[in-house]
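K.L.:
Structure provided below as structure tokens; questions to follow.
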Amino acid sequence: MPAVKAEWGVQAVGETAGRVWDCLQRNGKTALTVVEREVDAAPALVHMAIGWLAREGKLGLQQEGRQAQLWLTE
């Protein structure tokens, strides 16, 4: 079976960042695994969106035990 090739542009990452934002707005501080499950996108795209939000200073990140936790800073 050939590997699936996905192409994501800035628009897809930005839209996914909006869905990550919405998830964190609803849930507050949330485990990365929960965000990945709740946001309807490929995990790699969710990670890019998280990086986008973190780079803009809109997201807090912290490792708690084996879980990465995320929350909105604004």
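Going by the structure tokens order, chains are called A, B, ..., each with residues numbered from 1, while ligands are numbered from 1 in the order shown.
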Could you pull the residues within 12 Å of Glu36 (chain A), counting only C-alpha atoms, minus those fewer than 3 positions along the same chain, as an MDAnalysis selection string?

P.N.:
chainID A and resid 16:17 19:20 23:24 30:33 39:50 68:70

K.L.:
Since we have the selection now, will you write its residues out, keeping N, CA and C atoms, as a PDB file, in the first residue's frame?

P.N.:
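Output below, filename again01.pdb:
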ATOM      1  N   THR A  16      -6.773  25.140  11.354  1.00  0.00           N
ATOM      2  CA  THR A  16      -6.612  24.156  12.428  1.00  0.00           C
ATOM      3  C   THR A  16      -6.249  24.858  13.729  1.00  0.00           C
ATOM      4  N   ALA A  17      -5.446  25.910  13.652  1.00  0.00           N
ATOM      5  CA  ALA A  17      -5.117  26.702  14.843  1.00  0.00           C
ATOM      6  C   ALA A  17      -6.392  27.269  15.458  1.00  0.00           C
ATOM      7  N   ARG A  19      -9.335  25.858  15.344  1.00  0.00           N
ATOM      8  CA  ARG A  19     -10.029  24.745  16.008  1.00  0.00           C
ATOM      9  C   ARG A  19      -9.334  24.364  17.314  1.00  0.00           C
ATOM     10  N   VAL A  20      -7.998  24.442  17.340  1.00  0.00           N
ATOM     11  CA  VAL A  20      -7.260  24.201  18.591  1.00  0.00           C
ATOM     12  C   VAL A  20      -7.659  25.267  19.610  1.00  0.00           C
ATOM     13  N   CYS A  23     -11.059  24.564  21.035  1.00  0.00           N
ATOM     14  CA  CYS A  23     -10.975  23.434  21.965  1.00  0.00           C
ATOM     15  C   CYS A  23     -10.467  23.899  23.325  1.00  0.00           C
ATOM     16  N   LEU A  24      -9.405  24.700  23.328  1.00  0.00           N
ATOM     17  CA  LEU A  24      -8.832  25.174  24.588  1.00  0.00           C
ATOM     18  C   LEU A  24      -9.732  26.210  25.252  1.00  0.00           C
ATOM     19  N   THR A  30      -5.640  21.669  28.938  1.00  0.00           N
ATOM     20  CA  THR A  30      -6.029  20.393  28.329  1.00  0.00           C
ATOM     21  C   THR A  30      -4.795  19.605  27.918  1.00  0.00           C
ATOM     22  N   ALA A  31      -4.856  18.294  28.063  1.00  0.00           N
ATOM     23  CA  ALA A  31      -3.771  17.419  27.625  1.00  0.00           C
ATOM     24  C   ALA A  31      -3.682  17.415  26.101  1.00  0.00           C
ATOM     25  N   LEU A  32      -2.466  17.352  25.589  1.00  0.00           N
ATOM     26  CA  LEU A  32      -2.235  17.303  24.152  1.00  0.00           C
ATOM     27  C   LEU A  32      -3.030  16.173  23.508  1.00  0.00           C
ATOM     28  N   THR A  33      -3.071  15.024  24.139  1.00  0.00           N
ATOM     29  CA  THR A  33      -3.798  13.886  23.565  1.00  0.00           C
ATOM     30  C   THR A  33      -5.285  14.191  23.393  1.00  0.00           C
ATOM     31  N   VAL A  39      -9.779  17.832  17.949  1.00  0.00           N
ATOM     32  CA  VAL A  39      -9.636  18.651  16.740  1.00  0.00           C
ATOM     33  C   VAL A  39      -9.647  17.713  15.540  1.00  0.00           C
ATOM     34  N   ASP A  40     -10.532  17.944  14.632  1.00  0.00           N
ATOM     35  CA  ASP A  40     -10.717  17.058  13.486  1.00  0.00           C
ATOM     36  C   ASP A  40      -9.678  17.357  12.409  1.00  0.00           C
ATOM     37  N   ALA A  41      -8.444  16.850  12.630  1.00  0.00           N
ATOM     38  CA  ALA A  41      -7.346  17.056  11.678  1.00  0.00           C
ATOM     39  C   ALA A  41      -6.266  16.017  11.956  1.00  0.00           C
ATOM     40  N   ALA A  42      -5.398  15.834  10.991  1.00  0.00           N
ATOM     41  CA  ALA A  42      -4.267  14.912  11.168  1.00  0.00           C
ATOM     42  C   ALA A  42      -3.396  15.392  12.332  1.00  0.00           C
ATOM     43  N   PRO A  43      -2.853  14.483  13.126  1.00  0.00           N
ATOM     44  CA  PRO A  43      -2.021  14.891  14.258  1.00  0.00           C
ATOM     45  C   PRO A  43      -0.880  15.844  13.870  1.00  0.00           C
ATOM     46  N   ALA A  44      -0.237  15.606  12.738  1.00  0.00           N
ATOM     47  CA  ALA A  44       0.849  16.501  12.317  1.00  0.00           C
ATOM     48  C   ALA A  44       0.333  17.916  12.087  1.00  0.00           C
ATOM     49  N   LEU A  45      -0.858  18.047  11.529  1.00  0.00           N
ATOM     50  CA  LEU A  45      -1.452  19.356  11.292  1.00  0.00           C
ATOM     51  C   LEU A  45      -1.818  20.027  12.616  1.00  0.00           C
ATOM     52  N   VAL A  46      -2.321  19.261  13.565  1.00  0.00           N
ATOM     53  CA  VAL A  46      -2.623  19.791  14.898  1.00  0.00           C
ATOM     54  C   VAL A  46      -1.338  20.309  15.546  1.00  0.00           C
ATOM     55  N   HIS A  47      -0.249  19.578  15.416  1.00  0.00           N
ATOM     56  CA  HIS A  47       1.032  19.998  16.003  1.00  0.00           C
ATOM     57  C   HIS A  47       1.539  21.279  15.353  1.00  0.00           C
ATOM     58  N   MET A  48       1.383  21.402  14.031  1.00  0.00           N
ATOM     59  CA  MET A  48       1.771  22.638  13.350  1.00  0.00           C
ATOM     60  C   MET A  48       0.938  23.809  13.869  1.00  0.00           C
ATOM     61  N   ALA A  49      -0.361  23.585  14.050  1.00  0.00           N
ATOM     62  CA  ALA A  49      -1.254  24.629  14.553  1.00  0.00           C
ATOM     63  C   ALA A  49      -0.866  25.044  15.969  1.00  0.00           C
ATOM     64  N   ILE A  50      -0.500  24.093  16.793  1.00  0.00           N
ATOM     65  CA  ILE A  50      -0.060  24.392  18.155  1.00  0.00           C
ATOM     66  C   ILE A  50       1.221  25.231  18.107  1.00  0.00           C
ATOM     67  N   ALA A  68       1.723  16.307  28.047  1.00  0.00           N
ATOM     68  CA  ALA A  68       1.929  17.708  27.704  1.00  0.00           C
ATOM     69  C   ALA A  68       0.581  18.408  27.886  1.00  0.00           C
ATOM     70  N   GLN A  69       0.585  19.520  28.588  1.00  0.00           N
ATOM     71  CA  GLN A  69      -0.618  20.294  28.843  1.00  0.00           C
ATOM     72  C   GLN A  69      -0.564  21.593  28.062  1.00  0.00           C
ATOM     73  N   LEU A  70      -1.696  22.047  27.547  1.00  0.00           N
ATOM     74  CA  LEU A  70      -1.804  23.276  26.760  1.00  0.00           C
ATOM     75  C   LEU A  70      -2.906  24.147  27.332  1.00  0.00           C
TER      76      LEU A  70
END

K.L.:
Please run DSSP on the backbone and report, as a ChimeraX atom specification, all residues within chain A that come out as helix (DSSP H, G or I).

P.N.:
/A:10-27,32-38,43-55

K.L.:
Could you give me, as a ChimeraX atom specification, each residue of chain A that DSSP assigns to strand (DSSP E or B) when run on this structure's backbone?

P.N.:
/A:30-31,59-64,67-72

K.L.:
For Gly28 (chain A), which residue among A:Gly14, A:Gly60, A:Gly51, A:Gly9 is the nearest when counting only C-alpha atoms?

P.N.:
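Under the stated criterion, the closest residue is A:Gly60.
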
K.L.:
Could you check how far CA of Thr73 (chain A) sits from CA of Glu38 (chain A), in Å to one decimal?

P.N.:
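Separation between CA of Thr73 (chain A) and CA of Glu38 (chain A): 19.8 Å.
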
K.L.:
Expressed in Å to a single decimal, how great is the separation between CA of Gln25 (chain A) and CA of Gly65 (chain A)?

P.N.:
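These atoms are spaced 23.2 Å apart.
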
K.L.:
Which is closer to Trp52 (chain A) than all the others in A:Arg26, A:Trp21, A:Val35, A:Val13, using only C-alpha atoms?

P.N.:
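The closest residue to Trp52 (chain A) is A:Val13.
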
K.L.:
Work out how far apart CA of Gln63 (chain A) and CA of Arg37 (chain A) are and give it in Å to one decimal.

P.N.:
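We find that CA of Gln63 (chain A) and CA of Arg37 (chain A) lie 18.2 Å from each other.
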
K.L.:
Counting only C-alpha atoms, figure out which residue out of A:Gln11, A:Leu72, A:Gln67, A:Gln62 gets nearest to Val34 (chain A).

P.N.:
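So, comparing all the options, the nearest one is A:Gln67.
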